[in-house]
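Colleague: Quick one: structure below, then a few questions.
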Amino acid sequence: MYLGLENKRVLITGATQGIGAAIANEFLQEGAMVCISGRNEKKLVNFVETLRAEWGAEKVIGFAGDLLKQTCIDNLKKRLEQEWGGLDIIIPNIGSGKPLAQDPLEVGEWERLLNINLLGGVKLLGSFGDMLKRTQGNIIMISSIVAKEVIGTSIAYAASKTAVLTLTKYLAKKLALENVRVN
C-alpha cells in the first residue's frame, strides 16, 4: 500500500516488541525512517540490528532509555535534532498493562499506570511539540479496547487507556489549529 511516507521521520516509543515493533516494521515498509526506543538495551540492540539488516542502517535509529524520565526525553530530542533535523510523526507507545496489585482501588497501582500509560505520552508530546509544529507533523496515540469494553484487565489500566482517548480528542482539536494532526 502506498501511503506517501517515504523518508518521513518517525519516533515510536516502546518499540522493541509487540505493537511498537509491528508499527516500526509497517512504517519501514512504507519507506519511512524510524527511531525506536525501549528500556531494555539488549532487546533494543537486537531489534535495531534486525531492522537495519532488512531495511538499511540509514533507516533505523535506536534509543535505549526510560522515557518517563525527562533527562532521557531531552537526550532523545537532541539526538533526533542532530541526526535528522526534526521529526514528522511521533507514536507514544510507552505503556504497561501488567498489574502489580490485586486490590482494584490500590492508589499506588493507579498512580503507576497513569504515570506510564498517560503521563508518559504527555511528557513526550510536551517535549516534542515544537518539532511537530515546525513540520506540521502527526501524533498517533495508542490506546486499547479496554478503554471501551469491560474485559478481564485491571481497572486502573482500563482507566489509564480511557484517559489516552480523552487526551487524543482534546489534543486533536487544539493542535489542528497549528497544523498538527492527532489520531
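Within each chain, counting starts at residue 1; across the C-alpha cells, chains are named A, B, ... in the order shown, with ligands numbered 1 upward in that order.
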So that I can see what lies close to A:Val48, please list as a PyMOL selection string the residues with an atom at most 8 Å from it, counting only C-alpha atoms and leaving out residues fewer than 4 positions away in the same chain.

Modeller: chain A and resi 36+44+52+60-62

Colleague: Take the residues from that selection and write them out as a compact mmCIF listing (two decimals), in the first residue's frame, keeping all heavy atoms.

Modeller:
```txt
# COMPACT_ATOMS: atom_id res chain seq x y z
N ILE A 36 13.37 3.87 17.12
CA ILE A 36 12.64 3.07 18.09
C ILE A 36 13.33 3.20 19.44
O ILE A 36 14.54 3.35 19.52
CB ILE A 36 12.53 1.58 17.68
CG1 ILE A 36 13.91 0.94 17.55
CG2 ILE A 36 11.74 1.45 16.38
CD1 ILE A 36 13.88 -0.56 17.38
N LEU A 44 16.67 -3.87 22.54
CA LEU A 44 16.71 -2.77 21.58
C LEU A 44 17.80 -3.00 20.54
O LEU A 44 17.54 -2.91 19.34
CB LEU A 44 16.93 -1.44 22.30
CG LEU A 44 17.00 -0.24 21.37
CD1 LEU A 44 15.62 0.13 20.85
CD2 LEU A 44 17.65 0.94 22.05
N ARG A 52 17.87 -3.02 10.71
CA ARG A 52 18.90 -2.47 9.82
C ARG A 52 19.31 -3.48 8.76
O ARG A 52 19.56 -3.10 7.61
CB ARG A 52 20.12 -2.02 10.62
CG ARG A 52 19.88 -0.73 11.37
CD ARG A 52 21.08 -0.31 12.17
NE ARG A 52 20.87 1.02 12.74
CZ ARG A 52 21.64 1.55 13.66
NH1 ARG A 52 22.71 0.90 14.10
NH2 ARG A 52 21.37 2.74 14.13
N VAL A 60 17.19 3.35 10.37
CA VAL A 60 16.81 2.97 11.73
C VAL A 60 17.76 3.57 12.77
O VAL A 60 18.97 3.42 12.66
CB VAL A 60 16.80 1.43 11.89
CG1 VAL A 60 16.35 1.03 13.29
CG2 VAL A 60 15.91 0.78 10.83
N ILE A 61 17.18 4.21 13.75
CA ILE A 61 17.90 4.69 14.93
C ILE A 61 17.32 3.97 16.14
O ILE A 61 16.11 3.79 16.23
CB ILE A 61 17.73 6.22 15.13
CG1 ILE A 61 18.38 7.00 13.99
CG2 ILE A 61 18.30 6.66 16.48
CD1 ILE A 61 18.12 8.49 14.06
N GLY A 62 18.18 3.58 17.06
CA GLY A 62 17.72 3.01 18.32
C GLY A 62 18.10 3.92 19.47
O GLY A 62 19.16 4.55 19.44
```

Colleague: To test your reading of the structure, identify every residue in stretch 65-139 of chain A that backbone DSSP assigns to helix (DSSP H, G or I), and report it as a compact mmCIF listing (two decimals) with all heavy atoms, in the first residue's frame.

Modeller:
```txt
# COMPACT_ATOMS: atom_id res chain seq x y z
N GLN A 70 12.59 12.83 32.27
CA GLN A 70 12.77 13.99 31.41
C GLN A 70 14.18 14.07 30.82
O GLN A 70 14.36 14.47 29.67
CB GLN A 70 12.44 15.29 32.16
CG GLN A 70 12.36 16.50 31.25
CD GLN A 70 11.26 16.40 30.21
OE1 GLN A 70 10.13 16.03 30.50
NE2 GLN A 70 11.60 16.71 28.96
N THR A 71 15.20 13.66 31.58
CA THR A 71 16.57 13.72 31.04
C THR A 71 16.71 12.80 29.83
O THR A 71 17.38 13.16 28.86
CB THR A 71 17.62 13.34 32.11
OG1 THR A 71 17.29 12.07 32.67
CG2 THR A 71 17.71 14.39 33.19
N CYS A 72 16.07 11.65 29.86
CA CYS A 72 16.12 10.74 28.70
C CYS A 72 15.39 11.35 27.51
O CYS A 72 15.86 11.26 26.37
CB CYS A 72 15.52 9.38 29.05
SG CYS A 72 16.63 8.35 30.00
N ILE A 73 14.23 11.95 27.78
CA ILE A 73 13.48 12.60 26.70
C ILE A 73 14.34 13.71 26.07
O ILE A 73 14.41 13.81 24.84
CB ILE A 73 12.15 13.17 27.23
CG1 ILE A 73 11.22 12.04 27.68
CG2 ILE A 73 11.47 14.04 26.16
CD1 ILE A 73 9.97 12.51 28.40
N ASP A 74 14.98 14.51 26.90
CA ASP A 74 15.82 15.59 26.39
C ASP A 74 16.98 15.05 25.55
O ASP A 74 17.31 15.62 24.50
CB ASP A 74 16.36 16.44 27.55
CG ASP A 74 15.27 17.19 28.29
OD1 ASP A 74 14.15 17.35 27.74
OD2 ASP A 74 15.52 17.62 29.43
N ASN A 75 17.60 13.96 26.01
CA ASN A 75 18.70 13.35 25.24
C ASN A 75 18.21 12.82 23.89
O ASN A 75 18.89 12.97 22.87
CB ASN A 75 19.35 12.23 26.05
CG ASN A 75 20.14 12.76 27.22
OD1 ASN A 75 20.56 13.91 27.25
ND2 ASN A 75 20.34 11.92 28.22
N LEU A 76 17.05 12.21 23.89
CA LEU A 76 16.49 11.70 22.64
C LEU A 76 16.17 12.86 21.69
O LEU A 76 16.49 12.79 20.49
CB LEU A 76 15.23 10.87 22.91
CG LEU A 76 14.45 10.39 21.69
CD1 LEU A 76 15.34 9.56 20.76
CD2 LEU A 76 13.23 9.61 22.13
N LYS A 77 15.61 13.90 22.21
CA LYS A 77 15.27 15.06 21.38
C LYS A 77 16.53 15.65 20.74
O LYS A 77 16.56 15.93 19.53
CB LYS A 77 14.55 16.11 22.21
CG LYS A 77 14.06 17.27 21.40
CD LYS A 77 13.28 18.24 22.25
CE LYS A 77 12.85 19.43 21.40
NZ LYS A 77 12.14 20.43 22.16
N LYS A 78 17.58 15.82 21.53
CA LYS A 78 18.86 16.33 20.99
C LYS A 78 19.38 15.43 19.88
O LYS A 78 19.84 15.91 18.84
CB LYS A 78 19.91 16.41 22.10
CG LYS A 78 19.80 17.62 22.97
CD LYS A 78 20.95 17.63 23.98
CE LYS A 78 20.48 18.34 25.23
NZ LYS A 78 21.31 18.09 26.39
N ARG A 79 19.32 14.14 20.12
CA ARG A 79 19.83 13.18 19.12
C ARG A 79 19.04 13.27 17.82
O ARG A 79 19.63 13.28 16.73
CB ARG A 79 19.78 11.77 19.68
CG ARG A 79 20.37 10.77 18.73
CD ARG A 79 20.65 9.46 19.38
NE ARG A 79 21.07 8.50 18.38
CZ ARG A 79 20.98 7.20 18.52
NH1 ARG A 79 20.52 6.69 19.65
NH2 ARG A 79 21.37 6.39 17.57
N LEU A 80 17.72 13.34 17.92
CA LEU A 80 16.92 13.42 16.70
C LEU A 80 17.12 14.74 15.96
O LEU A 80 17.12 14.77 14.73
CB LEU A 80 15.44 13.20 17.02
CG LEU A 80 15.10 11.77 17.45
CD1 LEU A 80 13.64 11.66 17.87
CD2 LEU A 80 15.42 10.78 16.35
N GLU A 81 17.33 15.81 16.70
CA GLU A 81 17.65 17.10 16.05
C GLU A 81 18.97 17.00 15.32
O GLU A 81 19.09 17.45 14.18
CB GLU A 81 17.70 18.23 17.08
CG GLU A 81 16.36 18.74 17.51
CD GLU A 81 15.68 19.66 16.50
OE1 GLU A 81 16.12 19.77 15.33
OE2 GLU A 81 14.67 20.26 16.87
N GLN A 82 19.97 16.39 15.97
CA GLN A 82 21.30 16.28 15.37
C GLN A 82 21.31 15.35 14.16
O GLN A 82 21.89 15.67 13.13
CB GLN A 82 22.32 15.78 16.40
CG GLN A 82 22.64 16.80 17.46
CD GLN A 82 23.48 16.22 18.60
OE1 GLN A 82 23.62 15.00 18.74
NE2 GLN A 82 24.02 17.10 19.43
N GLU A 83 20.67 14.19 14.28
CA GLU A 83 20.75 13.19 13.22
C GLU A 83 19.74 13.40 12.10
O GLU A 83 20.03 13.09 10.94
CB GLU A 83 20.60 11.78 13.80
CG GLU A 83 21.80 11.41 14.67
CD GLU A 83 21.86 9.94 15.02
OE1 GLU A 83 21.45 9.09 14.20
OE2 GLU A 83 22.32 9.63 16.13
N TRP A 84 18.55 13.88 12.44
CA TRP A 84 17.51 14.02 11.43
C TRP A 84 17.07 15.46 11.19
O TRP A 84 16.37 15.74 10.23
CB TRP A 84 16.27 13.22 11.82
CG TRP A 84 16.38 11.74 11.64
CD1 TRP A 84 17.36 11.04 11.00
CD2 TRP A 84 15.43 10.78 12.11
NE1 TRP A 84 17.08 9.69 11.05
CE2 TRP A 84 15.91 9.50 11.74
CE3 TRP A 84 14.25 10.87 12.83
CZ2 TRP A 84 15.23 8.33 12.03
CZ3 TRP A 84 13.58 9.70 13.13
CH2 TRP A 84 14.06 8.45 12.72
N VAL A 107 -4.24 2.73 45.37
CA VAL A 107 -3.87 4.04 44.82
C VAL A 107 -2.49 3.99 44.16
O VAL A 107 -2.29 4.59 43.09
CB VAL A 107 -3.92 5.13 45.91
CG1 VAL A 107 -3.35 6.45 45.40
CG2 VAL A 107 -5.35 5.31 46.40
N GLY A 108 -1.56 3.29 44.75
CA GLY A 108 -0.23 3.20 44.15
C GLY A 108 -0.25 2.59 42.75
O GLY A 108 0.50 3.01 41.86
N GLU A 109 -1.12 1.61 42.55
CA GLU A 109 -1.26 0.98 41.23
C GLU A 109 -1.86 1.97 40.23
O GLU A 109 -1.41 2.04 39.08
CB GLU A 109 -2.14 -0.27 41.36
CG GLU A 109 -2.30 -1.04 40.08
CD GLU A 109 -1.07 -1.82 39.66
OE1 GLU A 109 0.02 -1.62 40.23
OE2 GLU A 109 -1.18 -2.63 38.75
N TRP A 110 -2.84 2.75 40.66
CA TRP A 110 -3.42 3.76 39.79
C TRP A 110 -2.37 4.80 39.40
O TRP A 110 -2.24 5.17 38.23
CB TRP A 110 -4.60 4.45 40.48
CG TRP A 110 -5.85 3.63 40.43
CD1 TRP A 110 -6.14 2.53 41.18
CD2 TRP A 110 -6.97 3.84 39.58
NE1 TRP A 110 -7.37 2.05 40.85
CE2 TRP A 110 -7.91 2.84 39.88
CE3 TRP A 110 -7.27 4.79 38.62
CZ2 TRP A 110 -9.13 2.76 39.22
CZ3 TRP A 110 -8.50 4.71 37.97
CH2 TRP A 110 -9.41 3.70 38.27
N GLU A 111 -1.60 5.26 40.36
CA GLU A 111 -0.55 6.24 40.07
C GLU A 111 0.48 5.68 39.10
O GLU A 111 0.90 6.37 38.17
CB GLU A 111 0.12 6.69 41.37
CG GLU A 111 -0.77 7.54 42.24
CD GLU A 111 -0.20 7.84 43.61
OE1 GLU A 111 0.74 7.13 44.06
OE2 GLU A 111 -0.69 8.79 44.25
N ARG A 112 0.87 4.44 39.32
CA ARG A 112 1.88 3.81 38.46
C ARG A 112 1.38 3.71 37.02
O ARG A 112 2.07 4.11 36.07
CB ARG A 112 2.22 2.42 39.00
CG ARG A 112 3.30 1.68 38.21
CD ARG A 112 3.54 0.28 38.78
NE ARG A 112 2.49 -0.65 38.45
CZ ARG A 112 2.40 -1.31 37.28
NH1 ARG A 112 3.31 -1.14 36.36
NH2 ARG A 112 1.40 -2.13 37.05
N LEU A 113 0.16 3.21 36.83
CA LEU A 113 -0.35 3.00 35.47
C LEU A 113 -0.71 4.32 34.78
O LEU A 113 -0.50 4.46 33.58
CB LEU A 113 -1.53 2.03 35.49
CG LEU A 113 -1.11 0.59 35.78
CD1 LEU A 113 -2.31 -0.31 36.00
CD2 LEU A 113 -0.21 0.04 34.68
N LEU A 114 -1.23 5.27 35.53
CA LEU A 114 -1.49 6.58 34.92
C LEU A 114 -0.18 7.26 34.53
O LEU A 114 -0.09 7.90 33.48
CB LEU A 114 -2.29 7.47 35.87
CG LEU A 114 -3.78 7.13 35.96
CD1 LEU A 114 -4.42 7.85 37.14
CD2 LEU A 114 -4.50 7.46 34.66
N ASN A 115 0.85 7.11 35.34
CA ASN A 115 2.16 7.69 35.03
C ASN A 115 2.73 7.08 33.75
O ASN A 115 3.24 7.79 32.88
CB ASN A 115 3.13 7.50 36.19
CG ASN A 115 4.44 8.21 35.96
OD1 ASN A 115 4.47 9.39 35.62
ND2 ASN A 115 5.53 7.49 36.11
N ILE A 116 2.63 5.77 33.62
CA ILE A 116 3.18 5.10 32.44
C ILE A 116 2.31 5.36 31.21
O ILE A 116 2.79 5.83 30.17
CB ILE A 116 3.32 3.58 32.66
CG1 ILE A 116 4.32 3.29 33.77
CG2 ILE A 116 3.71 2.87 31.37
CD1 ILE A 116 4.32 1.84 34.24
N ASN A 117 1.04 5.02 31.30
CA ASN A 117 0.17 4.98 30.12
C ASN A 117 -0.35 6.33 29.67
O ASN A 117 -0.63 6.52 28.49
CB ASN A 117 -1.01 4.04 30.37
CG ASN A 117 -0.56 2.61 30.53
OD1 ASN A 117 0.36 2.16 29.88
ND2 ASN A 117 -1.19 1.90 31.44
N LEU A 118 -0.49 7.27 30.57
CA LEU A 118 -0.99 8.59 30.20
C LEU A 118 0.11 9.64 30.26
O LEU A 118 0.44 10.28 29.27
CB LEU A 118 -2.15 9.00 31.11
CG LEU A 118 -2.71 10.41 30.85
CD1 LEU A 118 -3.33 10.51 29.48
CD2 LEU A 118 -3.70 10.78 31.94
N LEU A 119 0.70 9.81 31.43
CA LEU A 119 1.67 10.89 31.60
C LEU A 119 2.96 10.67 30.82
O LEU A 119 3.61 11.64 30.43
CB LEU A 119 1.96 11.10 33.09
CG LEU A 119 0.73 11.54 33.90
CD1 LEU A 119 1.10 11.71 35.37
CD2 LEU A 119 0.13 12.81 33.34
N GLY A 120 3.31 9.42 30.54
CA GLY A 120 4.47 9.15 29.69
C GLY A 120 4.29 9.81 28.32
O GLY A 120 5.20 10.46 27.80
N GLY A 121 3.11 9.65 27.74
CA GLY A 121 2.82 10.28 26.46
C GLY A 121 2.73 11.79 26.56
O GLY A 121 3.21 12.51 25.69
N VAL A 122 2.14 12.28 27.63
CA VAL A 122 2.02 13.72 27.83
C VAL A 122 3.40 14.36 27.90
O VAL A 122 3.66 15.38 27.25
CB VAL A 122 1.20 14.04 29.11
CG1 VAL A 122 1.29 15.51 29.48
CG2 VAL A 122 -0.26 13.62 28.93
N LYS A 123 4.32 13.76 28.67
CA LYS A 123 5.68 14.30 28.78
C LYS A 123 6.37 14.32 27.42
O LYS A 123 7.02 15.29 27.04
CB LYS A 123 6.51 13.46 29.75
CG LYS A 123 6.12 13.60 31.19
CD LYS A 123 6.95 12.64 32.04
CE LYS A 123 6.43 12.54 33.45
NZ LYS A 123 7.16 11.54 34.23
N LEU A 124 6.23 13.23 26.70
CA LEU A 124 6.86 13.12 25.38
C LEU A 124 6.32 14.17 24.42
O LEU A 124 7.08 14.88 23.76
CB LEU A 124 6.60 11.71 24.84
CG LEU A 124 7.55 11.15 23.84
CD1 LEU A 124 8.95 11.02 24.43
CD2 LEU A 124 7.07 9.79 23.37
N LEU A 125 5.01 14.28 24.36
CA LEU A 125 4.39 15.23 23.43
C LEU A 125 4.71 16.67 23.82
O LEU A 125 4.93 17.52 22.96
CB LEU A 125 2.89 15.01 23.37
CG LEU A 125 2.47 13.66 22.81
CD1 LEU A 125 0.96 13.49 22.89
CD2 LEU A 125 2.97 13.44 21.40
N GLY A 126 4.76 16.93 25.12
CA GLY A 126 5.14 18.27 25.57
C GLY A 126 6.54 18.65 25.14
O GLY A 126 6.82 19.79 24.80
N SER A 127 7.42 17.67 25.12
CA SER A 127 8.82 17.93 24.74
C SER A 127 9.03 18.00 23.24
O SER A 127 9.92 18.71 22.77
CB SER A 127 9.72 16.85 25.34
OG SER A 127 9.70 16.93 26.74
N PHE A 128 8.25 17.27 22.47
CA PHE A 128 8.45 17.20 21.03
C PHE A 128 7.45 18.05 20.24
O PHE A 128 7.50 18.09 19.02
CB PHE A 128 8.37 15.75 20.54
CG PHE A 128 9.61 14.97 20.82
CD1 PHE A 128 9.76 14.25 21.99
CD2 PHE A 128 10.66 14.95 19.90
CE1 PHE A 128 10.92 13.53 22.26
CE2 PHE A 128 11.82 14.23 20.16
CZ PHE A 128 11.94 13.52 21.33
N GLY A 129 6.55 18.73 20.95
CA GLY A 129 5.52 19.52 20.27
C GLY A 129 6.06 20.55 19.32
O GLY A 129 5.54 20.72 18.21
N ASP A 130 7.15 21.22 19.69
CA ASP A 130 7.71 22.26 18.83
C ASP A 130 8.21 21.67 17.51
O ASP A 130 8.05 22.27 16.45
CB ASP A 130 8.82 23.03 19.53
CG ASP A 130 9.97 22.16 20.02
OD1 ASP A 130 9.73 20.97 20.34
OD2 ASP A 130 11.11 22.67 20.09
N MET A 131 8.81 20.49 17.57
CA MET A 131 9.28 19.82 16.35
C MET A 131 8.11 19.52 15.42
O MET A 131 8.19 19.72 14.22
CB MET A 131 9.98 18.50 16.67
CG MET A 131 11.43 18.58 16.93
SD MET A 131 12.06 16.87 16.96
CE MET A 131 13.54 17.14 17.87
N LEU A 132 7.04 19.01 16.00
CA LEU A 132 5.88 18.62 15.19
C LEU A 132 5.18 19.84 14.59
O LEU A 132 4.67 19.78 13.47
CB LEU A 132 4.92 17.78 16.02
CG LEU A 132 5.48 16.43 16.45
CD1 LEU A 132 4.53 15.75 17.42
CD2 LEU A 132 5.75 15.53 15.26
N LYS A 133 5.16 20.93 15.32
CA LYS A 133 4.57 22.16 14.78
C LYS A 133 5.39 22.67 13.61
O LYS A 133 4.84 23.13 12.60
CB LYS A 133 4.46 23.21 15.88
CG LYS A 133 3.41 22.87 16.91
CD LYS A 133 3.43 23.84 18.08
CE LYS A 133 2.51 23.36 19.18
NZ LYS A 133 2.62 24.19 20.38
N ARG A 134 6.71 22.56 13.73
CA ARG A 134 7.62 23.02 12.66
C ARG A 134 7.39 22.23 11.37
O ARG A 134 7.48 22.78 10.28
CB ARG A 134 9.05 22.83 13.14
CG ARG A 134 9.97 23.93 12.84
CD ARG A 134 11.37 23.81 13.39
NE ARG A 134 11.96 22.50 13.40
CZ ARG A 134 12.50 21.93 14.48
NH1 ARG A 134 12.51 22.54 15.64
NH2 ARG A 134 13.04 20.73 14.40
N THR A 135 7.14 20.93 11.50
CA THR A 135 7.00 20.07 10.33
C THR A 135 5.54 19.79 9.96
O THR A 135 5.29 19.03 9.03
CB THR A 135 7.70 18.72 10.57
OG1 THR A 135 7.08 18.05 11.66
CG2 THR A 135 9.18 18.90 10.83
```

Colleague: Skipping near chain neighbours, those fewer than 3 positions away, what residues fall within 12 Å of A:Arg39 using only C-alpha atoms, listed as a PyMOL selection string?

Modeller: chain A and resi 13-17+36+42-45+62-69+72+94-95

Colleague: Write the residues you've just listed into a file as a PDB file, in the first residue's frame, and include N, CA and C atoms for each of them.

Modeller:
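The file below, selection27.pdb, is the result:
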```
ATOM      1  N   THR A  13       7.941   4.951  20.475  1.00  0.00           N
ATOM      2  CA  THR A  13       8.454   4.571  21.788  1.00  0.00           C
ATOM      3  C   THR A  13       7.904   3.208  22.178  1.00  0.00           C
ATOM      4  N   GLY A  14       8.608   2.537  23.077  1.00  0.00           N
ATOM      5  CA  GLY A  14       8.179   1.208  23.494  1.00  0.00           C
ATOM      6  C   GLY A  14       8.089   0.271  22.307  1.00  0.00           C
ATOM      7  N   ALA A  15       9.129   0.246  21.481  1.00  0.00           N
ATOM      8  CA  ALA A  15       9.026  -0.407  20.173  1.00  0.00           C
ATOM      9  C   ALA A  15       9.925  -1.619  19.996  1.00  0.00           C
ATOM     10  N   THR A  16      10.360  -2.248  21.062  1.00  0.00           N
ATOM     11  CA  THR A  16      11.236  -3.406  20.889  1.00  0.00           C
ATOM     12  C   THR A  16      10.476  -4.714  20.740  1.00  0.00           C
ATOM     13  N   GLN A  17       9.170  -4.666  20.962  1.00  0.00           N
ATOM     14  CA  GLN A  17       8.356  -5.882  20.822  1.00  0.00           C
ATOM     15  C   GLN A  17       6.893  -5.480  20.652  1.00  0.00           C
ATOM     16  N   ILE A  36      13.373   3.866  17.117  1.00  0.00           N
ATOM     17  CA  ILE A  36      12.644   3.068  18.092  1.00  0.00           C
ATOM     18  C   ILE A  36      13.331   3.197  19.440  1.00  0.00           C
ATOM     19  N   LYS A  42      19.506  -4.550  25.587  1.00  0.00           N
ATOM     20  CA  LYS A  42      19.815  -5.751  24.806  1.00  0.00           C
ATOM     21  C   LYS A  42      18.727  -6.035  23.769  1.00  0.00           C
ATOM     22  N   LYS A  43      17.461  -5.960  24.176  1.00  0.00           N
ATOM     23  CA  LYS A  43      16.356  -6.158  23.231  1.00  0.00           C
ATOM     24  C   LYS A  43      16.393  -5.104  22.140  1.00  0.00           C
ATOM     25  N   LEU A  44      16.671  -3.867  22.544  1.00  0.00           N
ATOM     26  CA  LEU A  44      16.709  -2.769  21.583  1.00  0.00           C
ATOM     27  C   LEU A  44      17.798  -2.996  20.541  1.00  0.00           C
ATOM     28  N   VAL A  45      19.003  -3.299  21.011  1.00  0.00           N
ATOM     29  CA  VAL A  45      20.127  -3.521  20.089  1.00  0.00           C
ATOM     30  C   VAL A  45      19.815  -4.662  19.126  1.00  0.00           C
ATOM     31  N   GLY A  62      18.182   3.584  17.060  1.00  0.00           N
ATOM     32  CA  GLY A  62      17.723   3.006  18.315  1.00  0.00           C
ATOM     33  C   GLY A  62      18.102   3.921  19.467  1.00  0.00           C
ATOM     34  N   PHE A  63      17.212   3.995  20.449  1.00  0.00           N
ATOM     35  CA  PHE A  63      17.492   4.803  21.635  1.00  0.00           C
ATOM     36  C   PHE A  63      17.077   4.017  22.867  1.00  0.00           C
ATOM     37  N   ALA A  64      18.052   3.703  23.723  1.00  0.00           N
ATOM     38  CA  ALA A  64      17.774   2.984  24.965  1.00  0.00           C
ATOM     39  C   ALA A  64      17.635   3.973  26.103  1.00  0.00           C
ATOM     40  N   GLY A  65      16.553   3.842  26.844  1.00  0.00           N
ATOM     41  CA  GLY A  65      16.362   4.717  27.996  1.00  0.00           C
ATOM     42  C   GLY A  65      14.930   4.685  28.480  1.00  0.00           C
ATOM     43  N   ASP A  66      14.745   5.192  29.666  1.00  0.00           N
ATOM     44  CA  ASP A  66      13.423   5.265  30.284  1.00  0.00           C
ATOM     45  C   ASP A  66      12.808   6.615  29.954  1.00  0.00           C
ATOM     46  N   LEU A  67      11.909   6.641  28.996  1.00  0.00           N
ATOM     47  CA  LEU A  67      11.325   7.893  28.535  1.00  0.00           C
ATOM     48  C   LEU A  67      10.234   8.423  29.460  1.00  0.00           C
ATOM     49  N   LEU A  68      10.157   7.877  30.656  1.00  0.00           N
ATOM     50  CA  LEU A  68       9.349   8.505  31.697  1.00  0.00           C
ATOM     51  C   LEU A  68      10.184   9.550  32.426  1.00  0.00           C
ATOM     52  N   LYS A  69      11.487   9.545  32.158  1.00  0.00           N
ATOM     53  CA  LYS A  69      12.417  10.489  32.789  1.00  0.00           C
ATOM     54  C   LYS A  69      12.736  11.615  31.806  1.00  0.00           C
ATOM     55  N   CYS A  72      16.074  11.648  29.856  1.00  0.00           N
ATOM     56  CA  CYS A  72      16.118  10.742  28.698  1.00  0.00           C
ATOM     57  C   CYS A  72      15.386  11.346  27.510  1.00  0.00           C
ATOM     58  N   ILE A  94       4.586   4.150  24.874  1.00  0.00           N
ATOM     59  CA  ILE A  94       5.015   3.755  26.209  1.00  0.00           C
ATOM     60  C   ILE A  94       3.787   3.201  26.902  1.00  0.00           C
ATOM     61  N   GLY A  95       3.907   2.050  27.515  1.00  0.00           N
ATOM     62  CA  GLY A  95       2.730   1.535  28.199  1.00  0.00           C
ATOM     63  C   GLY A  95       2.989   0.248  28.945  1.00  0.00           C
TER      64      GLY A  95
END
```

Colleague: Could you check which of A:Gly137, A:Gly20, A:Pro104, A:Gly97 is closest to A:Tyr157, using only C-alpha atoms?

Modeller: A:Gly97

Colleague: Just to confirm, what's the straight-line distance from atom CA of A:Leu165 to atom CA of A:Ile91 in Å (one decimal)?

Modeller: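 Result for atom CA of A:Leu165 versus atom CA of A:Ile91: 13.9 Å, one decimal.
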